[in-house]
Each structure stands twice: as C-alpha cells, then as structure tokens.
$ cat work29.cif   # mmCIF, C-alpha atoms
data_protein
loop_
_atom_site.label_atom_id
_atom_site.label_comp_id
_atom_site.auth_asym_id
_atom_site.auth_seq_id
_atom_site.Cartn_x
_atom_site.Cartn_y
_atom_site.Cartn_z
CA MET A 1060 0.00 0.00 0.00
CA GLU A 1061 1.33 3.38 -0.92
CA ARG A 1062 1.99 5.84 1.82
CA GLU A 1063 -0.57 8.55 2.36
CA SER A 1064 0.20 11.79 0.69
CA ARG A 1065 1.91 14.31 2.89
CA GLU A 1066 -0.97 16.64 2.13
CA ARG A 1067 -3.49 14.21 3.62
CA ARG A 1068 -4.19 14.83 7.27
CA THR A 1069 -3.92 12.01 9.81
CA PRO A 1070 -6.22 11.90 12.82
CA THR A 1071 -3.48 13.45 14.90
CA THR A 1072 -2.71 16.26 12.46
CA PRO A 1073 -4.20 19.52 13.69
CA ARG A 1074 -6.83 20.94 11.33
CA ARG A 1075 -5.83 24.16 9.74
CA ARG A 1076 -8.13 26.93 10.84
CA ARG A 1077 -9.43 29.22 8.17
CA ARG A 1078 -8.58 32.78 8.99
CA ARG A 1079 -11.62 34.95 9.29
CA ARG A 1080 -11.56 38.63 8.63
CA PRO A 1081 -12.18 40.39 11.93
CA LEU A 1082 -15.53 42.10 12.06
CA PRO A 1083 -15.41 45.87 12.56
CA PRO A 1084 -16.34 46.90 16.09
CA SER A 1085 -19.99 47.86 16.37
CA GLN A 1086 -21.59 50.78 18.15
CA GLN A 1087 -24.50 50.73 20.54
CA VAL A 1088 -26.89 53.22 18.95
CA ALA A 1089 -30.11 54.40 20.60
CA ILE A 1090 -32.83 55.50 18.18
CA GLU A 1091 -35.72 57.70 19.30
CA GLY A 1092 -38.84 58.66 17.34
CA CYS A 1093 -40.51 62.04 17.90
CA CYS A 1094 -38.89 64.04 20.70
CA HIS A 1095 -41.38 66.91 21.18
CA GLY A 1096 -38.94 68.63 23.53
CA ASP A 1097 -38.91 65.86 26.17
CA LEU A 1098 -35.14 65.49 26.33
CA ASP A 1099 -35.12 64.82 30.07
CA ARG A 1100 -37.35 61.76 29.67
CA ILE A 1101 -35.32 60.48 26.70
CA TYR A 1102 -31.99 60.80 28.48
CA GLU A 1103 -33.45 59.23 31.63
CA THR A 1104 -34.57 56.26 29.52
CA VAL A 1105 -31.13 55.87 27.93
CA THR A 1106 -29.48 56.04 31.36
CA ALA A 1107 -31.92 53.47 32.74
CA ILE A 1108 -31.19 51.08 29.87
CA GLN A 1109 -27.46 51.37 30.49
CA ALA A 1110 -27.93 50.71 34.20
CA ALA A 1111 -30.29 47.76 33.70
CA ASP A 1112 -28.42 46.00 30.88
CA GLY A 1113 -24.91 47.01 31.79
CA ARG A 1114 -24.24 48.11 28.22
CA ARG A 1115 -22.84 51.37 27.00
CA VAL A 1116 -24.89 53.55 24.66
CA ASP A 1117 -22.45 55.30 22.33
CA LEU A 1118 -24.80 57.52 20.35
CA LEU A 1119 -28.40 58.74 20.39
CA LEU A 1120 -30.25 59.51 17.14
CA ILE A 1121 -33.53 61.47 17.22
CA CYS A 1122 -35.79 61.38 14.14
CA GLY A 1123 -37.38 64.81 14.24
CA ASP A 1124 -39.98 66.96 16.00
CA PHE A 1125 -37.03 67.77 18.22
CA GLN A 1126 -38.29 71.22 19.24
CA ALA A 1127 -35.03 72.98 20.01
CA VAL A 1128 -36.90 75.80 21.76
CA ARG A 1129 -34.55 78.18 23.56
CA ASN A 1130 -36.99 80.80 24.79
CA ALA A 1131 -40.48 82.23 24.49
CA ASP A 1132 -39.67 83.88 21.14
CA ASP A 1133 -38.80 80.48 19.63
CA LEU A 1134 -42.23 79.23 20.67
CA LEU A 1135 -43.80 81.71 18.24
CA CYS A 1136 -41.94 79.93 15.41
CA LEU A 1137 -43.20 76.47 16.40
CA ALA A 1138 -45.88 75.24 14.02
CA CYS A 1139 -48.46 73.68 16.30
CA PRO A 1140 -51.71 74.69 18.02
CA PRO A 1141 -51.10 77.23 20.80
CA LYS A 1142 -52.22 74.77 23.50
CA TYR A 1143 -49.22 72.55 22.62
CA ARG A 1144 -46.67 75.36 22.72
CA ALA A 1145 -44.62 74.59 25.82
CA LEU A 1146 -41.03 75.48 26.62
CA LYS A 1147 -40.23 71.88 27.69
CA ASN A 1148 -36.57 71.30 28.64
CA PHE A 1149 -34.21 71.82 25.68
CA HIS A 1150 -33.41 75.30 26.99
CA LYS A 1151 -31.57 73.73 29.96
CA TYR A 1152 -29.15 71.93 27.62
CA TYR A 1153 -28.77 75.06 25.51
CA SER A 1154 -27.85 77.24 28.50
CA GLY A 1155 -25.58 74.63 30.11
CA ALA A 1156 -27.83 74.05 33.12
CA ALA A 1157 -28.04 70.40 31.98
CA VAL A 1158 -25.58 68.28 29.97
CA ALA A 1159 -26.46 65.57 27.47
CA PRO A 1160 -25.19 62.25 28.92
CA VAL A 1161 -24.62 60.74 25.45
CA PRO A 1162 -23.65 62.31 22.09
CA THR A 1163 -26.86 63.17 20.26
CA VAL A 1164 -27.60 63.73 16.57
CA PHE A 1165 -31.03 64.85 15.36
CA ILE A 1166 -32.92 65.93 12.26
CA GLY A 1167 -35.89 68.26 11.96
CA GLY A 1168 -39.54 67.30 11.60
CA ASN A 1169 -42.73 69.30 11.22
CA HIS A 1170 -42.94 70.66 14.77
CA GLU A 1171 -39.77 72.68 15.17
CA ALA A 1172 -38.45 76.05 16.25
CA SER A 1173 -37.75 76.74 12.59
CA ASN A 1174 -36.01 80.05 13.27
CA HIS A 1175 -33.41 78.26 15.40
CA LEU A 1176 -32.82 75.43 12.94
CA ALA A 1177 -32.51 77.94 10.08
CA GLU A 1178 -29.41 79.29 11.84
CA LEU A 1179 -27.91 75.80 11.41
CA ALA A 1180 -29.12 75.02 7.90
CA LEU A 1181 -25.85 73.27 6.99
CA GLY A 1182 -25.65 71.50 10.34
CA GLY A 1183 -24.07 72.40 13.66
CA TRP A 1184 -24.31 72.24 17.43
CA ALA A 1185 -27.75 73.12 18.76
CA ALA A 1186 -26.35 72.66 22.27
CA PRO A 1187 -23.21 71.05 23.72
CA SER A 1188 -23.08 67.38 22.58
CA ILE A 1189 -26.36 67.84 20.63
CA PHE A 1190 -25.75 68.08 16.88
CA TYR A 1191 -28.28 69.03 14.20
CA LEU A 1192 -27.67 67.48 10.76
CA GLY A 1193 -29.11 70.52 9.00
CA ASP A 1194 -31.66 70.57 6.19
CA ALA A 1195 -29.67 67.58 4.96
CA GLY A 1196 -26.30 66.31 6.10
CA VAL A 1197 -23.76 63.52 6.45
CA VAL A 1198 -21.41 62.84 9.36
CA THR A 1199 -19.41 59.91 10.66
CA PHE A 1200 -19.20 58.55 14.18
CA GLY A 1201 -16.92 55.70 15.22
CA GLY A 1202 -16.78 54.41 11.64
CA LEU A 1203 -20.54 54.71 11.09
CA ARG A 1204 -21.61 56.93 8.18
CA ILE A 1205 -24.87 58.72 9.02
CA ALA A 1206 -26.96 60.72 6.53
CA GLY A 1207 -30.23 62.54 7.13
CA LEU A 1208 -32.99 64.64 5.61
CA SER A 1209 -35.01 67.05 7.76
CA GLY A 1210 -38.65 68.04 7.37
CA ILE A 1211 -41.60 66.41 5.63
CA TYR A 1212 -42.60 66.24 1.99
CA ASN A 1213 -45.11 68.62 0.44
CA GLU A 1214 -45.33 68.82 -3.35
CA ARG A 1215 -46.37 72.48 -3.25
CA HIS A 1216 -43.04 73.68 -1.83
CA TYR A 1217 -40.73 70.87 -2.90
CA ARG A 1218 -39.10 72.85 -5.75
CA ALA A 1219 -39.06 76.20 -3.95
CA GLY A 1220 -36.00 77.89 -2.56
CA ARG A 1221 -35.47 78.54 1.15
CA TYR A 1222 -37.37 81.80 1.14
CA GLU A 1223 -38.98 81.72 4.60
CA ARG A 1224 -37.76 84.18 7.23
CA PRO A 1225 -39.08 85.09 10.69
CA PRO A 1226 -41.43 86.54 11.66
CA TYR A 1227 -43.32 83.73 9.94
CA ASP A 1228 -46.90 84.09 8.79
CA ALA A 1229 -49.54 81.36 8.78
CA SER A 1230 -48.12 79.95 5.54
CA THR A 1231 -44.35 80.22 5.96
CA ILE A 1232 -44.40 78.80 9.50
CA ARG A 1233 -45.39 75.53 7.80
CA SER A 1234 -43.56 75.71 4.50
CA ALA A 1235 -40.32 76.33 6.43
CA TYR A 1236 -40.18 72.66 7.41
CA HIS A 1237 -41.01 71.22 3.99
CA VAL A 1238 -38.33 69.17 2.23
CA ARG A 1239 -36.63 70.88 -0.72
CA ALA A 1240 -35.52 69.31 -3.98
CA LEU A 1241 -32.01 70.74 -3.62
CA ASP A 1242 -31.40 68.75 -0.43
CA VAL A 1243 -32.59 65.54 -2.12
CA HIS A 1244 -30.44 66.35 -5.16
CA ARG A 1245 -27.40 66.72 -2.91
CA LEU A 1246 -28.02 63.47 -1.06
CA ALA A 1247 -28.55 61.62 -4.34
CA ARG A 1248 -24.96 62.47 -5.32
CA LEU A 1249 -23.50 60.38 -2.49
CA THR A 1250 -21.52 57.25 -3.31
CA GLY A 1251 -20.27 54.42 -1.15
CA PRO A 1252 -21.91 52.65 1.78
CA ILE A 1253 -24.25 54.47 4.16
CA ASP A 1254 -24.84 52.77 7.48
CA ILE A 1255 -27.73 54.89 8.75
CA PHE A 1256 -30.22 57.24 7.11
CA LEU A 1257 -32.57 59.44 9.16
CA SER A 1258 -35.82 60.99 7.97
CA HIS A 1259 -38.89 62.28 9.76
CA ASP A 1260 -41.63 61.05 7.44
CA TRP A 1261 -41.53 57.56 5.94
CA PRO A 1262 -40.40 56.72 2.42
CA ALA A 1263 -43.40 56.15 0.14
CA GLY A 1264 -44.30 52.49 -0.22
CA ILE A 1265 -42.54 51.36 2.96
CA ALA A 1266 -45.78 50.00 4.46
CA GLY A 1267 -45.75 47.22 1.85
CA HIS A 1268 -42.48 45.84 3.21
CA GLY A 1269 -43.65 45.24 6.78
CA ASP A 1270 -46.64 44.00 8.76
CA ARG A 1271 -49.24 46.20 7.08
CA GLU A 1272 -52.19 44.56 8.81
CA SER A 1273 -50.73 45.24 12.25
CA LEU A 1274 -50.03 48.84 11.26
CA LEU A 1275 -53.63 49.38 10.17
CA ARG A 1276 -54.98 47.86 13.36
CA ARG A 1277 -53.08 50.51 15.29
CA LYS A 1278 -53.64 53.31 12.77
CA PRO A 1279 -56.85 52.52 10.84
CA PHE A 1280 -57.05 56.07 9.45
CA LEU A 1281 -54.02 55.24 7.27
CA ALA A 1282 -55.93 52.61 5.27
CA ARG A 1283 -56.70 54.87 2.29
CA GLU A 1284 -53.14 56.23 2.02
CA VAL A 1285 -51.65 52.73 2.29
CA ALA A 1286 -54.05 51.43 -0.36
CA ASP A 1287 -53.40 54.18 -2.91
CA GLY A 1288 -49.67 54.49 -2.17
CA SER A 1289 -49.83 58.10 -1.00
CA LEU A 1290 -48.47 57.35 2.50
CA GLY A 1291 -44.96 58.68 2.81
CA SER A 1292 -42.47 60.74 0.85
CA PRO A 1293 -41.72 59.98 -2.83
CA PRO A 1294 -38.31 61.75 -2.71
CA ALA A 1295 -37.37 59.69 0.34
CA ALA A 1296 -38.39 56.53 -1.52
CA GLY A 1297 -36.07 57.55 -4.36
CA LEU A 1298 -33.18 58.01 -1.95
CA LEU A 1299 -33.94 54.65 -0.33
CA ALA A 1300 -33.68 52.94 -3.73
CA SER A 1301 -30.54 54.75 -4.87
CA LEU A 1302 -28.51 55.06 -1.66
CA ARG A 1303 -29.49 51.64 -0.23
CA PRO A 1304 -28.49 52.36 3.38
CA ALA A 1305 -28.12 49.46 5.78
CA HIS A 1306 -30.57 51.08 8.23
CA TRP A 1307 -33.28 53.73 7.81
CA PHE A 1308 -34.90 55.27 10.89
CA ALA A 1309 -37.96 57.53 10.92
CA ALA A 1310 -40.82 58.79 13.11
CA HIS A 1311 -43.77 61.12 12.34
CA MET A 1312 -46.65 58.58 12.45
CA HIS A 1313 -46.42 58.05 16.23
CA THR A 1314 -46.23 54.27 16.02
CA LYS A 1315 -43.56 51.59 15.89
CA PHE A 1316 -43.20 49.93 12.50
CA ALA A 1317 -40.45 47.72 11.10
CA ALA A 1318 -39.81 46.67 7.51
CA VAL A 1319 -37.13 45.01 5.42
CA VAL A 1320 -36.58 46.38 1.91
CA PRO A 1321 -34.59 44.18 -0.51
CA HIS A 1322 -32.63 45.90 -3.25
CA PRO A 1323 -31.92 44.46 -6.71
CA ALA A 1324 -28.29 43.78 -7.51
CA SER A 1325 -26.80 46.83 -9.16
CA GLY A 1326 -23.72 47.12 -11.30
CA GLY A 1327 -21.39 50.00 -11.72
CA ALA A 1328 -19.19 51.88 -9.33
CA ARG A 1329 -22.04 53.71 -7.61
CA GLY A 1330 -23.48 50.44 -6.34
CA ASP A 1331 -20.30 49.27 -4.66
CA GLY A 1332 -20.58 48.82 -0.93
CA ARG A 1333 -24.32 49.51 -0.81
CA ALA A 1334 -26.46 47.27 1.39
CA PRO A 1335 -28.41 44.43 -0.28
CA VAL A 1336 -31.33 45.14 2.07
CA THR A 1337 -32.38 48.14 4.15
CA ARG A 1338 -33.78 47.54 7.62
CA PHE A 1339 -36.40 50.22 8.30
CA LEU A 1340 -37.60 51.15 11.77
CA ALA A 1341 -40.04 53.89 12.76
CA LEU A 1342 -40.62 54.67 16.43
CA ASP A 1343 -43.31 56.40 18.48
CA LYS A 1344 -43.30 59.76 20.22
CA CYS A 1345 -41.84 60.18 23.69
CA LEU A 1346 -44.68 59.27 26.07
CA PRO A 1347 -44.93 56.80 28.97
CA GLY A 1348 -45.69 53.27 27.85
CA ARG A 1349 -45.03 54.00 24.17
CA PRO A 1350 -42.27 52.34 22.09
CA PHE A 1351 -40.33 55.54 21.48
CA LEU A 1352 -36.75 54.30 21.92
CA GLN A 1353 -34.71 51.25 20.91
CA VAL A 1354 -31.01 50.41 21.21
CA LEU A 1355 -29.37 48.56 18.31
CA ASP A 1356 -25.90 47.12 17.79
CA ILE A 1357 -24.68 48.55 14.46
CA ALA A 1358 -21.36 47.82 12.76
CA PRO A 1359 -19.91 49.89 9.92
CA ALA A 1360 -20.60 48.48 6.47
CA GLY A 1361 -17.93 47.22 4.12
CA GLY A 1362 -15.39 46.41 6.83
CA VAL A 1363 -14.72 50.07 7.53
CA PRO A 1364 -12.43 50.29 10.56
CA ALA A 1365 -13.92 51.83 13.65
CA GLY A 1366 -12.75 55.30 14.46
CA PRO A 1367 -12.86 57.44 17.58
CA LEU A 1368 -16.28 57.88 19.12
CA ARG A 1369 -16.71 61.46 18.01
CA LEU A 1370 -18.47 63.23 15.18
CA ALA A 1371 -16.59 64.05 11.99
CA HIS A 1372 -17.53 65.77 8.75
CA ASP A 1373 -17.87 63.58 5.66
CA ALA A 1374 -15.40 64.78 3.02
CA GLN A 1375 -17.60 63.72 0.12
CA TRP A 1376 -20.56 65.61 1.56
CA LEU A 1377 -18.46 68.77 1.96
CA ALA A 1378 -17.44 68.41 -1.68
CA ILE A 1379 -21.09 68.08 -2.71
CA LEU A 1380 -21.96 71.24 -0.78
CA ALA A 1381 -19.10 73.06 -2.51
CA GLU A 1382 -20.15 71.95 -5.99
CA THR A 1383 -23.83 72.77 -5.45
CA HIS A 1384 -23.46 76.02 -3.54
CA ALA A 1385 -24.50 78.07 -6.58
CA LEU A 1386 -27.79 76.14 -6.72
CA HIS A 1387 -28.92 77.50 -3.35
CA SER A 1388 -31.79 79.95 -3.72
CA THR A 1389 -33.89 82.14 -1.45
CA SER A 1390 -36.54 82.60 -4.12
CA PRO A 1391 -39.95 80.90 -3.95
CA ARG A 1392 -39.44 80.00 -7.64
CA PRO A 1393 -35.77 79.24 -8.31
CA PRO A 1394 -34.37 77.96 -11.62
CA PRO A 1395 -34.79 74.20 -12.14
CA LEU A 1396 -32.11 71.87 -10.80
CA PRO A 1397 -29.90 69.80 -13.13
CA ALA A 1398 -31.63 66.67 -14.36
CA ASP A 1399 -28.85 64.36 -13.19
CA ALA A 1400 -27.05 64.07 -9.85
CA PRO A 1401 -23.50 62.86 -10.54
CA PRO A 1402 -21.11 62.17 -7.67
CA PRO A 1403 -18.72 65.00 -6.84
CA ALA A 1404 -15.51 65.21 -8.79
CA GLN A 1405 -12.59 63.56 -7.01
CA ALA A 1406 -10.66 66.79 -7.50
CA THR A 1407 -13.23 68.60 -5.37
CA VAL A 1408 -12.98 65.98 -2.61
CA ASP A 1409 -9.18 66.27 -2.76
CA ARG A 1410 -9.39 70.06 -2.44
CA VAL A 1411 -11.58 69.71 0.65
CA VAL A 1412 -9.12 67.34 2.30
CA ALA A 1413 -6.18 69.53 1.26
CA ALA A 1414 -7.83 72.63 2.71
CA VAL A 1415 -8.43 70.84 6.00
CA THR A 1416 -4.84 69.60 6.08
CA ALA A 1417 -3.45 73.04 5.25
CA ALA A 1418 -5.42 74.53 8.12
CA ARG A 1419 -3.80 71.95 10.43
CA VAL A 1420 -7.15 70.73 11.62
CA SER A 1421 -9.05 67.51 11.04
CA LEU A 1422 -12.48 66.62 9.74
CA ASP A 1423 -13.60 66.13 13.35
CA VAL A 1424 -16.48 68.44 14.25
CA PRO A 1425 -14.94 70.87 16.74
CA PRO A 1426 -16.77 71.28 20.08
CA ASN A 1427 -17.31 74.98 19.39
CA PHE A 1428 -20.94 75.51 20.40
CA GLN A 1429 -21.81 79.07 21.26
CA VAL A 1430 -25.00 80.62 22.58
CA THR A 1431 -26.39 82.94 19.91
#
$ encode --input "work29.cif" --output "structure tokens"
Amino acid sequence: MERESRERRTPTTPRRRRRRRPLPPSQQVAIEGCCHGDLDRIYETVTAIQAADGRRVDLLLICGDFQAVRNADDLLCLACPPKYRALKNFHKYYSGAAVAPVPTVFIGGNHEASNHLAELALGGWAAPSIFYLGDAGVVTFGGLRIAGLSGIYNERHYRAGRYERPPYDASTIRSAYHVRALDVHRLARLTGPIDIFLSHDWPAGIAGHGDRESLLRRKPFLAREVADGSLGSPPAAGLLASLRPAHWFAAHMHTKFAAVVPHPASGGARGDGRAPVTRFLALDKCLPGRPFLQVLDIAPAGGVPAGPLRLAHDAQWLAILAETHALHSTSPRPPPLPADAPPPAQATVDRVVAAVTAARVSLDVPPNFQVT
C-alpha cells in the first residue's frame, strides 16, 4: 500500500483553521422617534437602559420633532396649536444648566423652532453634545456613516428655494419645514456605503415591506393612504432605492413599525458597498408606555475600521456642498435643478481634504458651540 500523501491529514494532524476577517467593532446606537422637547425623559430612559443591561450607549439619534426651543420667542416659530406650545426642557441643555449624557444627533420634523434650525441650515451644534444634521447632512461617528434629511414632503413647496424668514406668517411657518428638492439632489450624489439614514416622514411604499395589517390595526385612518400608495415621501423613496443604506430610521406617524426592503443587484461603481437590504424602523413619540426608543448594535458596512467615538464631517458631503453652492436659492421660484445628480468630482474631494490639512485641523467636528 502506498503511503498517504503528505498533504493528507492524519487523525493526529491539527486541522488548519481558516482565517476569518475580523468584524469591525460595532456601536450601541439608541434611536428615538418624535422628541417633542422631552429630552429629560429620553436621556433618563437611555441612562436606565445602560444601568439595567450594563451596556454602554455610544450615540443617540432622534428622528425629528425635536423642538429645540430656547426661549419664548422660539415658541412663536413652532408650528403647532397654541395649546401645545410649551417650553419643555431643551433650553436647559442650551444654557448649560443640563448636559447631554450621550452624544446626540437629530434631524428636523414638522414641529420645530424653525427660526433656530434655520441658523444651522448646513448643520451644527444646537447645544453642547447635541448636533443638528441641517436641512440635509452627512457625518461619521466611530466608523458609522450617518446621513439625514429634515422636514416632511409637500409637493407644493418641494421645488421652492429657502425663502422663509421670521417673523413667519400662517403659511411660511409651515412651508419652512417642507423638504426641498435641492437637499434631495445633494443626497442623491453620495456614493459608497451608508450605514444609517434618518428621515422624519416615511419613504413612500414602505408600508408594503412590513406587517401592514398590524399597522392598520393601530392606525386605521391610514388605510386609504396605504391602499393608494400616498403614504410617505416619494423623494425619500427615491433616496432609499438609490442610496441603499443598511438602516433607515424615521418617526412622524407616532407608532412603531419595522420593515425590510430588498434591493436588486446593481452594477457600476455607484453600487459598490451599498447594502443588499435596508432595515427600516419607525418609532413612536416620547410618552410613557409608548415604544419611542430602541437600542441597536450597528457595525460599519464594508469592513470600515472603527474610528474614535466622536463626530466628523464627511469629506464627500463637503465636496457636494461646494459643488452645489450656486444652486442654493432664497426665491420661492428658483431655476430648475440639473436633471442628473452625478457624484462629486474627485478633485473637489481632494481640495476639501487639502484645505483641512493646510489649516492643520481635522475633519472632526470641533466642540465649538456658542449661545447665539
């Protein structure tokens, strides 16, 4: 009998272990639905979860109706019936009387102090450790790439410029929080993987990807909109299909709803690194006994190495803002936007990085909040 090949293992030969690529470290991310100014309750809930489960919450994301009301004047810019206009507790975090216990990122909804958020249209600190993504924005945190779109969709104002200014009248106090085509155009130019996308209203058609019957039992008044497809935002649905984020979080309807959206395989460079499915989750408003907050373990897509647990600007997004700056308009009827939304030129991205390097700073968002 011939001897066994040297390549054949004997029972005593140790089995070679296949090396596995190490998974990128994940972040513990808390997601909250509609805030309505109840920051104290939200932070108390996050702290209680950490104490009960013994796990660290790295980041809190809030999906609109934040109500960053600093004072009585801001209340006059809040679009809601007068009986619901209450100062709540954001002003404590704004003044420094209270400190956010966890880094917080939020987008705007349809109940906001629009005058305050207009001061931060391109994003910025609303209070120490509380960051507003702007009308639209992209940041990174610990390797996670987070994009967001503020406001809700309304066809009447979708193609308008940002013409609203305080003091608002009965019309502009509402149109101020309507999504604009320019912000969608900018987001559509993004390439590469996106781990998290935030919106206030739902993408159109999302109800068909989850437990629709359960949704209608809780919200029977939505039956007509679900049936005719008018529930949700068509521009958001377009971004969902093109950007294919791994996770999409929303609020607005004051109910918890989950869905899984599969994406067809796409060729070309723009599809590289995009998620094959998007996991959608909408949460309720902040009230006792309501499902308004959930903590998820989220790892960066595409094997992106984890970075420091601090906010940083996204270089590609800064390049998009630079290339589209001339498209910004304060007219109710601006010129039409370009028909296509190509990714930014690499030369523009390189100039952004070079400018940051020349200034001897980094893309990290500096902790430079100031009371205005």
$ resolve_selection --input "work29.cif" --expression "the PyMOL selection byres ((chain A and resi 1221) around 7)" --output "list in words"
Ala1219, Gly1220, Tyr1222, Glu1223, Ser1388, Thr1389 and Ser1390 of chain A
$ atom_distance --input "work29.cif" --atom1 "atom CA of A:Asp1124" --atom2 "atom CA of A:His1311"
7.9 Å
$ closest_residue --input "work29.cif" --among "A:Pro1262, A:Gly1123, A:Leu1275, A:Asn1174" --to "A:Gly1210" --atoms "all atoms listed in the file"
A:Gly1123
$ resolve_selection --input "work29.cif" --expression "the PyMOL selection byres ((chain A and resi 1394-1409) around 7)" --output "list in words"
His1244, Ala1247, Arg1248, Leu1249, Thr1250, Ala1374, Gln1375, Ala1378, Ile1379, Arg1392, Pro1393, Arg1410, Val1411, Val1412 and Ala1413 of chain A
$ residues_near_point --input "work29.cif" --point "(-30.1, 59.1, 13.3)" --cutoff "6 Å" --atoms "only C-alpha atoms" --output "NGL selection string"
:A and (1120-1121 or 1257)
$ closest_residue --input "work29.cif" --among "A:Asp1112, A:Ala1240, A:Lys1344, A:Pro1140" --to "A:Phe1125" --atoms "all atoms listed in the file"
A:Lys1344
$ resolve_selection --input "work29.cif" --expression "the PyMOL selection byres ((chain A and resi 1271-1274) around 12)" --output "list in words"
Gly1264, Ile1265, Ala1266, Gly1267, His1268, Gly1269, Asp1270, Leu1275, Arg1276, Arg1277, Lys1278, Pro1279, Phe1280, Leu1281, Ala1282, Glu1284, Val1285, Ala1286, Met1312, His1313, Thr1314, Lys1315, Phe1316, Ala1317, Ala1318 and Ala1341 of chain A
$ closest_residue --input "work29.cif" --among "A:Ser1234, A:Tyr1227, A:Tyr1102, A:Ala1296" --to "A:Trp1261" --atoms "only C-alpha atoms"
A:Ala1296
$ closest_residue --input "work29.cif" --among "A:Val1164, A:Leu1137, A:Ala1309, A:Ala1360" --to "A:Gly1291" --atoms "all atoms listed in the file"
A:Ala1309
$ build_atoms --input "work29.cif" --residues "stretch 1394-1413 of chain A" --atoms "N, CA, C and O atoms" --output "compact mmCIF listing (two decimals), in the coordinates of the input"
# COMPACT_ATOMS: atom_id res chain seq x y z
N PRO A 1394 -34.56 78.70 -10.37
CA PRO A 1394 -34.37 77.96 -11.62
C PRO A 1394 -34.39 76.46 -11.35
O PRO A 1394 -34.09 76.01 -10.24
N PRO A 1395 -34.75 75.65 -12.35
CA PRO A 1395 -34.79 74.20 -12.14
C PRO A 1395 -33.41 73.63 -11.87
O PRO A 1395 -32.40 74.15 -12.35
N LEU A 1396 -33.37 72.54 -11.11
CA LEU A 1396 -32.11 71.87 -10.80
C LEU A 1396 -31.65 71.05 -12.00
O LEU A 1396 -32.46 70.70 -12.87
N PRO A 1397 -30.37 70.70 -12.07
CA PRO A 1397 -29.90 69.80 -13.13
C PRO A 1397 -30.66 68.48 -13.10
O PRO A 1397 -31.09 68.01 -12.04
N ALA A 1398 -30.84 67.90 -14.27
CA ALA A 1398 -31.63 66.67 -14.36
C ALA A 1398 -30.92 65.49 -13.73
O ALA A 1398 -31.56 64.57 -13.21
N ASP A 1399 -29.59 65.49 -13.76
CA ASP A 1399 -28.85 64.36 -13.19
C ASP A 1399 -28.18 64.79 -11.90
O ASP A 1399 -28.09 65.97 -11.59
N ALA A 1400 -27.71 63.80 -11.12
CA ALA A 1400 -27.05 64.07 -9.85
C ALA A 1400 -25.77 63.24 -9.78
O ALA A 1400 -25.69 62.25 -9.06
N PRO A 1401 -24.74 63.64 -10.54
CA PRO A 1401 -23.50 62.86 -10.54
C PRO A 1401 -22.76 63.00 -9.22
O PRO A 1401 -22.92 63.98 -8.50
N PRO A 1402 -21.92 62.03 -8.88
CA PRO A 1402 -21.11 62.17 -7.67
C PRO A 1402 -20.14 63.32 -7.82
O PRO A 1402 -19.82 63.74 -8.95
N PRO A 1403 -19.65 63.88 -6.72
CA PRO A 1403 -18.72 65.00 -6.84
C PRO A 1403 -17.41 64.57 -7.48
O PRO A 1403 -16.99 63.43 -7.36
N ALA A 1404 -16.80 65.50 -8.18
CA ALA A 1404 -15.51 65.21 -8.79
C ALA A 1404 -14.48 64.89 -7.71
O ALA A 1404 -14.46 65.52 -6.65
N GLN A 1405 -13.62 63.92 -7.99
CA GLN A 1405 -12.59 63.56 -7.01
C GLN A 1405 -11.69 64.75 -6.72
O GLN A 1405 -11.19 64.91 -5.59
N ALA A 1406 -11.50 65.61 -7.71
CA ALA A 1406 -10.66 66.79 -7.50
C ALA A 1406 -11.26 67.70 -6.42
O ALA A 1406 -10.52 68.31 -5.64
N THR A 1407 -12.59 67.78 -6.39
CA THR A 1407 -13.23 68.60 -5.37
C THR A 1407 -13.04 67.98 -3.99
O THR A 1407 -12.77 68.69 -3.01
N VAL A 1408 -13.20 66.66 -3.89
CA VAL A 1408 -12.98 65.98 -2.61
C VAL A 1408 -11.53 66.19 -2.16
O VAL A 1408 -11.26 66.49 -0.98
N ASP A 1409 -10.59 66.08 -3.09
CA ASP A 1409 -9.18 66.27 -2.76
C ASP A 1409 -8.91 67.69 -2.27
O ASP A 1409 -8.12 67.90 -1.33
N ARG A 1410 -9.58 68.67 -2.88
CA ARG A 1410 -9.39 70.06 -2.44
C ARG A 1410 -9.92 70.26 -1.03
O ARG A 1410 -9.33 71.00 -0.23
N VAL A 1411 -11.05 69.61 -0.71
CA VAL A 1411 -11.58 69.71 0.65
C VAL A 1411 -10.59 69.16 1.66
O VAL A 1411 -10.29 69.80 2.67
N VAL A 1412 -10.07 67.96 1.38
CA VAL A 1412 -9.12 67.34 2.30
C VAL A 1412 -7.85 68.18 2.40
O VAL A 1412 -7.29 68.37 3.48
N ALA A 1413 -7.39 68.72 1.25
CA ALA A 1413 -6.18 69.53 1.26
C ALA A 1413 -6.38 70.81 2.07
O ALA A 1413 -5.47 71.25 2.80
